[in-house]
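Trainee: Hey, dropping work-v7.cif in here, mmCIF, C-alpha atoms and all ligand atoms:
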```
data_entry
#
loop_
_atom_site.label_atom_id
_atom_site.label_comp_id
_atom_site.auth_asym_id
_atom_site.auth_seq_id
_atom_site.Cartn_x
_atom_site.Cartn_y
_atom_site.Cartn_z
CA MET S 1153 0.00 0.00 0.00
CA ILE S 1154 1.30 3.42 -0.95
CA THR S 1155 2.21 5.63 2.01
CA LEU S 1156 1.24 9.23 2.60
CA GLU S 1157 4.90 10.26 2.42
CA THR S 1158 5.21 8.67 -1.03
CA ILE S 1159 2.09 10.51 -2.22
CA LYS S 1160 3.36 13.84 -0.86
CA ASP S 1161 6.72 13.31 -2.51
CA TYR S 1162 5.06 12.43 -5.81
CA LEU S 1163 2.81 15.51 -5.74
CA LYS S 1164 5.73 17.76 -4.87
CA LYS S 1165 7.99 16.46 -7.63
CA TYR S 1166 5.33 15.94 -10.28
CA ASP S 1167 6.77 17.16 -13.58
CA GLY S 1168 4.27 15.91 -16.15
CA GLU S 1169 1.80 17.97 -18.16
CA GLU S 1170 0.11 20.89 -16.39
CA LEU S 1171 -3.08 19.76 -14.69
CA THR S 1172 -6.04 21.67 -13.26
CA PHE S 1173 -8.45 20.07 -10.84
CA MET S 1174 -11.63 21.66 -9.55
CA GLU S 1175 -13.25 21.18 -6.16
CA VAL S 1176 -16.93 21.93 -6.37
CA CYS S 1177 -17.80 22.17 -2.74
CA GLY S 1178 -17.38 25.16 -0.43
CA THR S 1179 -16.35 22.87 2.43
CA HIS S 1180 -13.58 21.39 0.27
CA THR S 1181 -12.44 24.92 -0.62
CA ALA S 1182 -12.23 25.66 3.11
CA ALA S 1183 -10.40 22.41 3.86
CA ILE S 1184 -7.88 22.89 1.03
CA SER S 1185 -7.17 26.48 2.07
CA GLN S 1186 -6.88 25.76 5.79
CA SER S 1187 -4.71 22.66 5.34
CA GLY S 1188 -2.13 24.52 3.22
CA ILE S 1189 -1.76 21.52 0.91
CA THR S 1190 -1.38 23.70 -2.18
CA GLU S 1191 2.01 24.77 -0.81
CA ILE S 1192 3.39 21.28 -1.23
CA LEU S 1193 1.99 20.67 -4.73
CA SER S 1194 4.21 20.96 -7.78
CA ASP S 1195 3.64 24.15 -9.82
CA LYS S 1196 2.24 21.92 -12.52
CA ILE S 1197 -0.78 21.01 -10.38
CA ARG S 1198 -3.38 23.73 -10.00
CA LEU S 1199 -6.49 23.56 -7.82
CA VAL S 1200 -9.44 25.83 -8.60
CA SER S 1201 -12.78 26.29 -6.88
CA GLY S 1202 -16.06 25.66 -8.62
CA PRO S 1203 -19.66 26.86 -8.25
CA GLY S 1204 -20.39 25.06 -4.98
CA CYS S 1205 -20.88 27.92 -2.55
CA PRO S 1206 -24.66 28.46 -2.36
CA VAL S 1207 -24.51 32.11 -1.35
CA CYS S 1208 -21.90 32.90 -4.04
CA VAL S 1209 -24.02 31.50 -6.89
CA THR S 1210 -27.30 33.14 -5.83
CA VAL S 1211 -28.39 35.86 -8.24
CA ALA S 1212 -29.07 39.48 -7.25
CA SER S 1213 -32.80 39.31 -8.04
CA TYR S 1214 -33.24 36.66 -5.33
CA ILE S 1215 -31.66 38.97 -2.74
CA ASP S 1216 -33.79 41.85 -4.11
CA LYS S 1217 -36.92 39.74 -3.59
CA LEU S 1218 -35.92 38.97 0.02
CA VAL S 1219 -35.25 42.66 0.62
CA SER S 1220 -38.62 43.61 -0.82
CA LEU S 1221 -40.44 40.92 1.23
CA SER S 1222 -38.75 42.15 4.42
CA MET S 1223 -40.18 45.63 3.79
CA GLU S 1224 -43.77 44.35 3.39
CA GLU S 1225 -46.13 44.94 6.24
CA ASN S 1226 -46.43 41.89 8.51
CA THR S 1227 -43.67 39.95 6.73
CA CYS S 1228 -40.40 38.87 8.26
CA VAL S 1229 -37.51 37.21 6.39
CA ALA S 1230 -35.55 34.48 8.18
CA THR S 1231 -32.11 33.55 6.90
CA PHE S 1232 -28.70 32.11 7.66
CA GLY S 1233 -25.94 34.60 8.52
CA ASP S 1234 -24.07 34.67 5.20
CA MET S 1235 -27.13 35.87 3.29
CA LEU S 1236 -27.42 38.99 5.44
CA ARG S 1237 -24.40 40.74 3.95
CA VAL S 1238 -24.72 39.79 0.27
CA ARG S 1239 -25.99 42.70 -1.78
CA GLY S 1240 -28.65 42.40 -4.43
CA SER S 1241 -28.78 45.04 -7.14
CA GLU S 1242 -28.85 47.76 -4.47
CA LYS S 1243 -29.27 46.52 -0.93
CA SER S 1244 -28.40 43.62 1.32
CA LEU S 1245 -30.73 42.21 3.96
CA ASN S 1246 -28.63 44.03 6.55
CA ASP S 1247 -29.30 47.30 4.66
CA ALA S 1248 -33.00 46.44 4.57
CA LYS S 1249 -32.96 45.82 8.31
CA ALA S 1250 -31.32 49.20 8.88
CA SER S 1251 -34.13 50.79 6.83
CA GLY S 1252 -36.86 49.16 8.92
CA GLY S 1253 -37.15 45.79 7.19
CA LYS S 1254 -37.94 42.75 9.31
CA VAL S 1255 -35.10 40.24 9.08
CA ILE S 1256 -34.07 37.56 11.56
CA LEU S 1257 -31.04 35.32 11.68
CA VAL S 1258 -31.60 31.60 12.29
CA TYR S 1259 -29.11 28.77 12.66
CA SER S 1260 -31.38 26.00 11.42
CA PRO S 1261 -34.40 26.00 9.10
CA MET S 1262 -36.30 24.24 11.89
CA ASP S 1263 -35.82 27.25 14.22
CA VAL S 1264 -38.08 29.34 12.04
CA ILE S 1265 -40.92 26.85 12.50
CA ASP S 1266 -40.95 27.47 16.26
CA ILE S 1267 -40.66 31.22 15.72
CA ALA S 1268 -43.59 31.23 13.26
CA LYS S 1269 -45.74 29.14 15.60
CA LYS S 1270 -45.13 31.56 18.46
CA ASN S 1271 -45.73 34.74 16.40
CA THR S 1272 -48.81 34.04 14.34
CA GLN S 1273 -49.44 37.75 13.73
CA LEU S 1274 -46.41 37.86 11.37
CA ASN S 1275 -45.86 36.05 8.09
CA TYR S 1276 -42.42 34.47 7.78
CA VAL S 1277 -40.39 33.75 4.65
CA PHE S 1278 -37.40 31.46 4.93
CA ALA S 1279 -34.51 32.01 2.48
CA ALA S 1280 -34.02 28.41 1.32
CA VAL S 1281 -30.71 28.31 -0.56
CA GLY S 1282 -28.40 25.36 -0.95
CA PHE S 1283 -27.52 22.25 -2.88
CA GLU S 1284 -28.55 18.59 -2.78
CA THR S 1285 -27.23 18.45 0.79
CA THR S 1286 -29.74 20.91 2.23
CA THR S 1287 -32.83 20.23 0.12
CA PRO S 1288 -33.76 17.17 2.24
CA ILE S 1289 -33.83 19.46 5.31
CA TYR S 1290 -36.21 21.83 3.52
CA SER S 1291 -38.38 18.80 2.68
CA LEU S 1292 -38.59 17.95 6.38
CA MET S 1293 -39.40 21.56 7.12
CA LEU S 1294 -42.21 21.52 4.58
CA LYS S 1295 -43.55 18.23 5.92
CA GLN S 1296 -43.84 19.79 9.38
CA ILE S 1297 -45.42 22.99 8.03
CA ILE S 1298 -48.09 20.91 6.26
CA GLU S 1299 -48.70 18.43 9.09
CA GLU S 1300 -49.01 21.16 11.71
CA LYS S 1301 -51.04 23.41 9.38
CA ILE S 1302 -48.68 26.35 9.87
CA GLU S 1303 -50.19 29.06 7.71
CA ASN S 1304 -47.68 31.90 8.28
CA LEU S 1305 -44.47 30.36 6.92
CA LYS S 1306 -43.32 30.07 3.28
CA LEU S 1307 -40.05 29.37 1.49
CA LEU S 1308 -38.27 31.52 -1.06
CA THR S 1309 -36.18 28.92 -2.85
CA ALA S 1310 -32.90 29.18 -4.76
CA LEU S 1311 -31.98 25.51 -4.66
CA LYS S 1312 -29.27 24.21 -6.93
CA THR S 1313 -28.15 20.83 -8.18
CA MET S 1314 -24.63 19.95 -9.28
CA PRO S 1315 -24.59 17.92 -12.53
CA LYS S 1316 -25.78 20.50 -15.05
CA VAL S 1317 -23.59 23.30 -13.75
CA ILE S 1318 -20.54 21.02 -13.79
CA ASP S 1319 -21.50 20.07 -17.34
CA TRP S 1320 -21.68 23.81 -18.17
CA VAL S 1321 -18.23 24.42 -16.63
CA CYS S 1322 -16.80 21.58 -18.74
CA SER S 1323 -18.44 22.94 -21.89
CA VAL S 1324 -16.90 26.43 -21.81
CA ASP S 1325 -13.44 25.57 -23.05
CA SER S 1326 -12.35 24.83 -19.53
CA PRO S 1327 -8.81 23.64 -18.73
CA ILE S 1328 -10.10 21.21 -16.09
CA ASN S 1329 -8.67 17.70 -16.03
CA GLY S 1330 -10.76 16.27 -13.20
CA PHE S 1331 -13.01 17.02 -10.26
CA ILE S 1332 -12.88 16.54 -6.54
CA ALA S 1333 -16.57 15.68 -6.34
CA PRO S 1334 -18.52 17.27 -3.49
CA GLY S 1335 -18.38 14.99 -0.44
CA HIS S 1336 -21.50 16.18 1.39
CA VAL S 1337 -23.61 16.22 -1.77
CA SER S 1338 -22.42 12.69 -2.55
CA VAL S 1339 -23.61 11.46 0.85
CA ILE S 1340 -27.15 12.26 -0.31
CA THR S 1341 -26.89 11.52 -4.05
CA GLY S 1342 -24.36 8.67 -4.08
CA SER S 1343 -21.17 8.61 -6.13
CA ASP S 1344 -22.94 7.19 -9.22
CA TYR S 1345 -24.51 10.66 -9.59
CA PHE S 1346 -21.30 11.78 -11.34
CA LYS S 1347 -20.87 8.75 -13.65
CA GLU S 1348 -22.59 10.29 -16.67
CA LEU S 1349 -20.42 13.42 -16.46
CA ALA S 1350 -17.23 11.41 -16.03
CA LEU S 1351 -18.06 9.38 -19.14
CA LYS S 1352 -19.21 12.36 -21.19
CA TRP S 1353 -16.11 14.45 -20.50
CA ASN S 1354 -13.73 11.52 -20.16
CA MET S 1355 -12.27 12.74 -16.91
CA PRO S 1356 -12.14 11.42 -13.35
CA PHE S 1357 -14.42 12.44 -10.50
CA VAL S 1358 -13.01 11.54 -7.09
CA VAL S 1359 -15.32 11.64 -4.07
CA SER S 1360 -13.17 12.79 -1.19
CA GLY S 1361 -13.34 13.44 2.53
CA PHE S 1362 -12.25 16.72 4.07
CA GLU S 1363 -8.98 16.00 5.90
CA ALA S 1364 -5.65 16.97 4.31
CA ILE S 1365 -4.77 13.30 3.92
CA ASP S 1366 -8.09 12.66 2.09
CA LEU S 1367 -7.45 15.55 -0.28
CA LEU S 1368 -3.88 14.51 -1.05
CA ASN S 1369 -5.13 11.00 -1.83
CA ALA S 1370 -7.83 12.49 -4.05
CA ILE S 1371 -5.34 14.60 -6.03
CA TYR S 1372 -3.03 11.61 -6.42
CA ALA S 1373 -5.97 9.55 -7.73
CA LEU S 1374 -7.00 12.33 -10.12
CA ILE S 1375 -3.53 12.32 -11.68
CA ASN S 1376 -3.49 8.56 -11.98
CA TYR S 1377 -6.96 8.43 -13.53
CA LYS S 1378 -6.40 11.39 -15.85
CA ASP S 1379 -8.27 10.98 -19.17
CA LYS S 1380 -10.35 8.17 -17.70
CA GLY S 1381 -14.08 8.69 -17.41
CA GLU S 1382 -14.41 7.10 -14.01
CA VAL S 1383 -15.83 7.91 -10.61
CA LEU S 1384 -13.74 6.89 -7.60
CA ASN S 1385 -15.24 6.87 -4.16
CA LEU S 1386 -12.51 7.60 -1.61
CA TYR S 1387 -15.04 8.49 1.09
CA PRO S 1388 -16.74 5.10 1.50
CA ALA S 1389 -17.41 5.49 5.23
CA TYR S 1390 -20.10 8.07 4.35
CA VAL S 1391 -20.77 7.76 0.61
CA THR S 1392 -22.37 4.81 -1.16
CA ASP S 1393 -22.93 4.30 -4.89
CA LYS S 1394 -26.61 5.19 -4.69
CA GLY S 1395 -26.67 7.59 -1.74
CA ASN S 1396 -29.33 8.15 0.90
CA LYS S 1397 -32.53 6.80 -0.67
CA ALA S 1398 -34.76 8.01 2.18
CA ALA S 1399 -33.52 11.59 1.77
CA GLN S 1400 -33.90 11.40 -2.02
CA LYS S 1401 -37.49 10.17 -1.62
CA GLN S 1402 -38.26 12.96 0.81
CA VAL S 1403 -36.99 15.53 -1.71
CA GLU S 1404 -38.92 13.95 -4.60
CA GLN S 1405 -42.15 14.25 -2.64
CA TYR S 1406 -42.03 18.05 -2.48
CA PHE S 1407 -39.56 19.29 -5.10
CA THR S 1408 -39.11 18.99 -8.83
CA SER S 1409 -36.24 19.86 -11.15
CA CYS S 1410 -36.29 23.32 -12.76
CA LYS S 1411 -34.27 25.79 -14.77
CA SER S 1412 -32.15 27.85 -12.40
CA ALA S 1413 -30.18 31.11 -12.60
CA TRP S 1414 -26.55 31.18 -11.44
CA ARG S 1415 -24.61 34.29 -10.55
CA GLY S 1416 -22.16 35.11 -13.32
CA ILE S 1417 -23.27 32.14 -15.41
CA GLY S 1418 -26.92 32.66 -16.36
CA GLN S 1419 -29.75 30.20 -16.59
CA ILE S 1420 -29.14 26.47 -16.88
CA GLU S 1421 -31.89 23.94 -17.58
CA ASP S 1422 -32.48 21.32 -14.86
CA SER S 1423 -29.91 22.83 -12.52
CA GLY S 1424 -32.24 23.65 -9.65
CA MET S 1425 -35.17 22.42 -7.58
CA GLN S 1426 -38.47 24.16 -7.00
CA LEU S 1427 -41.60 23.24 -5.08
CA LYS S 1428 -43.99 20.97 -6.97
CA GLU S 1429 -47.14 22.60 -8.26
CA GLU S 1430 -49.31 21.13 -5.51
CA TYR S 1431 -47.11 22.81 -2.87
CA LEU S 1432 -46.78 26.22 -4.50
CA LYS S 1433 -48.95 27.79 -1.79
CA TYR S 1434 -45.84 27.45 0.40
CA ASP S 1435 -43.70 29.37 -2.08
CA ALA S 1436 -43.10 33.08 -1.49
CA GLY S 1437 -42.49 33.96 -5.17
CA SER S 1438 -39.36 32.06 -6.21
CA GLN S 1439 -40.17 31.80 -9.92
CA ASN S 1440 -38.46 33.99 -12.51
CA LEU S 1441 -35.81 35.42 -10.17
CA ILE S 1442 -33.21 35.38 -12.91
CA GLU S 1443 -31.69 38.85 -13.16
CA ASP S 1444 -28.15 39.30 -11.95
CA SER S 1445 -25.93 42.29 -11.38
CA LYS S 1446 -22.41 42.75 -10.16
CA ILE S 1447 -21.90 44.35 -6.78
CA ASN S 1448 -18.90 46.19 -8.04
CA GLU S 1449 -17.48 46.71 -11.52
CA GLY S 1450 -14.08 45.39 -10.50
CA CYS S 1451 -15.41 42.28 -8.77
CA CYS S 1452 -14.49 39.04 -10.56
CA CYS S 1453 -16.79 36.66 -8.65
CA ASP S 1454 -18.19 35.45 -11.99
CA LYS S 1455 -14.72 34.22 -12.99
CA VAL S 1456 -13.79 32.92 -9.52
CA ILE S 1457 -16.98 30.83 -9.36
CA ILE S 1458 -16.06 28.88 -12.48
CA GLY S 1459 -12.32 28.61 -11.74
CA THR S 1460 -11.17 30.84 -14.61
CA ILE S 1461 -9.10 32.85 -12.14
CA ASN S 1462 -8.25 32.33 -8.52
CA PRO S 1463 -9.09 35.08 -6.00
CA THR S 1464 -5.52 36.43 -5.81
CA GLN S 1465 -5.84 37.37 -9.50
CA CYS S 1466 -8.76 39.72 -8.79
CA PRO S 1467 -7.47 43.31 -8.75
CA LEU S 1468 -9.56 44.10 -5.68
CA PHE S 1469 -8.39 41.14 -3.57
CA LYS S 1470 -6.79 42.34 -0.31
CA LYS S 1471 -6.79 45.90 -1.65
CA VAL S 1472 -10.35 47.04 -1.16
CA CYS S 1473 -11.92 43.59 -0.77
CA SER S 1474 -11.62 41.78 2.56
CA PRO S 1475 -14.03 39.93 4.88
CA GLU S 1476 -14.62 43.28 6.65
CA THR S 1477 -15.23 45.16 3.38
CA PRO S 1478 -16.44 42.48 0.94
CA GLN S 1479 -16.98 43.62 -2.65
CA GLY S 1480 -18.54 40.37 -3.80
CA ALA S 1481 -20.41 37.30 -2.57
CA CYS S 1482 -17.27 35.12 -2.73
CA MET S 1483 -15.73 37.25 0.04
CA VAL S 1484 -18.94 37.51 2.08
CA SER S 1485 -19.68 33.81 2.37
CA THR S 1486 -17.78 31.58 4.77
CA GLU S 1487 -17.92 29.01 1.97
CA GLY S 1488 -16.60 31.46 -0.61
CA SER S 1489 -13.28 30.98 -2.34
CA CYS S 1490 -12.14 34.60 -1.85
CA TYR S 1491 -12.94 34.44 1.87
CA HIS S 1492 -10.83 31.32 2.34
CA TYR S 1493 -7.91 32.56 0.26
CA TYR S 1494 -7.96 35.68 2.42
CA ILE S 1495 -8.20 34.13 5.88
CA SER S 1496 -5.72 31.35 5.08
CA ASN S 1497 -3.34 33.69 3.27
CA ARG S 1498 -3.45 31.19 0.42
CA LYS S 1499 -1.23 32.07 -2.52
CA ARG S 1500 -2.21 29.47 -5.13
FE1 LIG W 1 -15.14 39.83 -5.85
FE2 LIG W 1 -13.61 40.44 -3.75
FE3 LIG W 1 -13.46 38.04 -4.75
FE4 LIG W 1 -12.51 40.10 -6.11
S1 LIG W 1 -11.72 39.33 -4.18
S2 LIG W 1 -13.76 38.43 -6.92
S3 LIG W 1 -13.94 41.70 -5.53
S4 LIG W 1 -15.27 38.95 -3.81
#
```
Kindly transcribe the structure held in the file into structure tokens.

Mentor:
Amino acid sequence: MITLETIKDYLKKYDGEELTFMEVCGTHTAAISQSGITEILSDKIRLVSGPGCPVCVTVASYIDKLVSLSMEENTCVATFGDMLRVRGSEKSLNDAKASGGKVILVYSPMDVIDIAKKNTQLNYVFAAVGFETTTPIYSLMLKQIIEEKIENLKLLTALKTMPKVIDWVCSVDSPINGFIAPGHVSVITGSDYFKELALKWNMPFVVSGFEAIDLLNAIYALINYKDKGEVLNLYPAYVTDKGNKAAQKQVEQYFTSCKSAWRGIGQIEDSGMQLKEEYLKYDAGSQNLIEDSKINEGCCCDKVIIGTINPTQCPLFKKVCSPETPQGACMVSTEGSCYHYYISNRKR
């Protein structure tokens, strides 16, 4: 069995063709940045982040809709912390709050159920963003809303799914040679979820854990399976071929696939999930939120999200853009690539 030291040595001395691998999960971006593993990789191996940070890929019109709902009489918007500071075309939810909007921070979607039950005089809208990992939680939330006949709580959804956006990234003349497939998403979907993409683009997808050792193994596997359309599951303690069937069934009961808009990318068919028609009374107006706008003319989030550049190549990085003064969603979100490059002082 090959040792970790041998793998490290190989990755450090690698002198073959230049290779670019993309991680598509915000948690992997965080793990790669915090572990410092890029420092030991040969210059010929480049890691780039993909469109896996939910806040980063959410379009401005969705934030605008939340802002406008928060200003309506008797309506309160509930959200996770990262969404508070991301600006829409003009304002963020924090700005709306400062102007009298009703916005509350929650740590779990289930918290808002208790809040809505206790405050029946207000209507609540929960900002339901996320990927395949979080949609099952929103399904549970909806189940409870229906079973308990909670009439004052709706969802504004911007739910994304991975395959079509990865397909889009591969189709735009991308230099990518393989993917570190998202570990948490794979727990729900199973590793077979990426088989079609691997075959279509003839490149490896490696499902990886989040420790430095897992990531080094994943990069080593990506090099060794280069130009092979295969999926390798290196996270078998949590990921099976077919995933969590119960969670998938739960999602299928309430949600259906839809066209979705991605920040800096545009609309992609079948790249999102929306409530099924019979549950639309629980939707706060999620359809047709497709318009996007840049926060700042110099912000390159659109290029960072698809791995065309890394954050250090953005002219605003560390100059005017920092976690304290973010100029784009990728610096606001704790899953954003710019945020992690900044706090880890990552160079490459
Ligand atoms: Fe946008 Fe800031 Fe990232 Fe540049 S460093 S792409 S301005 S978020």

Trainee: Residues up to 10 Å from ligand LIG 1 (chain W), counting all atoms listed in the file: could you list those as a PyMOL selection string?

Mentor: chain S and resi 1208+1446-1457+1461-1475+1477-1485+1488-1491+1493-1494

Trainee: May I ask for the distance between atom CA of S:Val1229 and atom CA of S:His1180, given in Å to one decimal place?

Mentor: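 Taking atom CA of S:Val1229 and atom CA of S:His1180, their separation equals 29.3 Å.
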
Trainee: Within 7 Å of stretch 1280-1292 of chain S, counting only C-alpha atoms, which residues show up once you throw out same-chain ones fewer than 3 positions away? Write them as a list of chain:residue names, please.

Mentor: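 Result of the neighbour search: S:Pro1206, S:Lys1295, S:Gln1296, S:Leu1307, S:Leu1308, S:Thr1309, S:Ala1310, S:Leu1311, S:Lys1312, S:Thr1313, S:His1336, S:Val1337, S:Ile1340, S:Ala1399, S:Gln1402, S:Val1403, S:Tyr1406.
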
Trainee: So that I can see what lies close to stretch 1233-1245 of chain S, please list as a PyMOL selection string the residues with an atom at most 6 Å from it, counting all atoms listed in the file and leaving out residues fewer than 2 positions away in the same chain.

Mentor: chain S and resi 1212+1215-1216+1219+1247-1248+1445+1481+1485

Trainee: Can you spit out the residues from that selection as a compact mmCIF listing (two decimals), in the coordinates of the input, using C-alpha atoms?

Mentor:
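out04.txt, freshly written:
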```txt
# COMPACT_ATOMS: atom_id res chain seq x y z
CA ALA S 1212 -29.07 39.48 -7.25
CA ILE S 1215 -31.66 38.97 -2.74
CA ASP S 1216 -33.79 41.85 -4.11
CA VAL S 1219 -35.25 42.66 0.62
CA ASP S 1247 -29.30 47.30 4.66
CA ALA S 1248 -33.00 46.44 4.57
CA SER S 1445 -25.93 42.29 -11.38
CA ALA S 1481 -20.41 37.30 -2.57
CA SER S 1485 -19.68 33.81 2.37
```

Trainee: Just to confirm, what's the straight-line distance from atom CA of S:Tyr1345 to atom CA of S:Thr1210 in Å (one decimal)?

Mentor: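 If I compute the distance from atom CA of S:Tyr1345 to atom CA of S:Thr1210, I get 23.0 Å.
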
Trainee: Given all atoms listed in the file as the basis, pick out the residue of S:Lys1306, S:Met1293, S:Glu1175, S:Gly1418 nearest to S:Thr1227.

Mentor: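 Of S:Lys1306, S:Met1293, S:Glu1175, S:Gly1418, the one nearest S:Thr1227, counting all atoms listed in the file, is S:Lys1306.
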
Trainee: Atom CA of S:Asp1167 to atom CA of S:Leu1199: how many Å, to one decimal?

Mentor: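 So the answer is 15.8 Å.
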
Trainee: Write out as an mmCIF file with C-alpha atoms, in the frame of the given file each polymer residue whose atoms come within 8 Å of S:Val1317, counting all atoms listed in the file; drop sequence neighbours fewer than 4 positions from it.

Mentor:
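That gives us part34.cif:
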```cif
data_model
loop_
_atom_site.group_PDB
_atom_site.id
_atom_site.type_symbol
_atom_site.label_atom_id
_atom_site.label_comp_id
_atom_site.auth_asym_id
_atom_site.auth_seq_id
_atom_site.Cartn_x
_atom_site.Cartn_y
_atom_site.Cartn_z
ATOM 1 C CA PRO S 1203 -19.660 26.860 -8.250
ATOM 2 C CA THR S 1313 -28.150 20.830 -8.180
ATOM 3 C CA VAL S 1321 -18.230 24.420 -16.630
ATOM 4 C CA ILE S 1420 -29.140 26.470 -16.880
ATOM 5 C CA SER S 1423 -29.910 22.830 -12.520
#
```

Trainee: Might you pull out every residue within 9 Å of S:Arg1498, with all atoms listed in the file counted and same-chain residues fewer than 5 positions away left off, and present them as a VMD selection string?

Mentor: chain S and resid 1185 to 1186 1188 1190 to 1191 1464 1492 to 1493

Trainee: Using all atoms listed in the file and a cutoff of 8 Å, can you tell me which residues are near (-45.6, 19.7, -4.3) in the file's coordinates, and write them out as a VMD selection string?

Mentor: chain S and resid 1405 to 1408 1427 to 1432

Trainee: Can you work out which one of S:Ser1213, S:Thr1172, S:Asn1369, S:Ser1343 has the shortest atom-to-atom distance to S:Asn1396, counting all atoms listed in the file?

Mentor: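 Result for the nearest residue to S:Asn1396: S:Ser1343.
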
Trainee: Show me, as a PyMOL selection string, the residues that have an atom within 9 Å of S:Asn1440 when counting only C-alpha atoms, minus same-chain residues fewer than 3 positions from it.

Mentor: chain S and resi 1213+1412-1413+1437+1443

Trainee: Please write as a PyMOL selection string the list of polymer residues whose atoms come within 8 Å of (-11.1, 19.3, -1.5), counting only C-alpha atoms and keeping to the coordinates of the file.

Mentor: chain S and resi 1175+1177+1179-1184+1332+1334+1360-1362+1367+1370

Trainee: Between S:Gly1204, S:Pro1315, S:Pro1327, S:Gly1253, which one has atoms that come closest to S:Glu1170, using only C-alpha atoms?

Mentor: S:Pro1327

Trainee: When distances are computed from only C-alpha atoms, which of S:Val1207, S:Leu1305, S:Val1176, S:Leu1374 shows the smallest separation from S:Ala1333?

Mentor: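 Ranked by minimum distance to S:Ala1333, first place goes to S:Val1176.
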
Trainee: Find, counting all atoms listed in the file, the residue in S:Thr1392, S:Asn1329, S:Thr1486, S:Ser1260 that gets nearest to S:Glu1169.

Mentor: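 Closest to S:Glu1169, using all atoms listed in the file: S:Asn1329.
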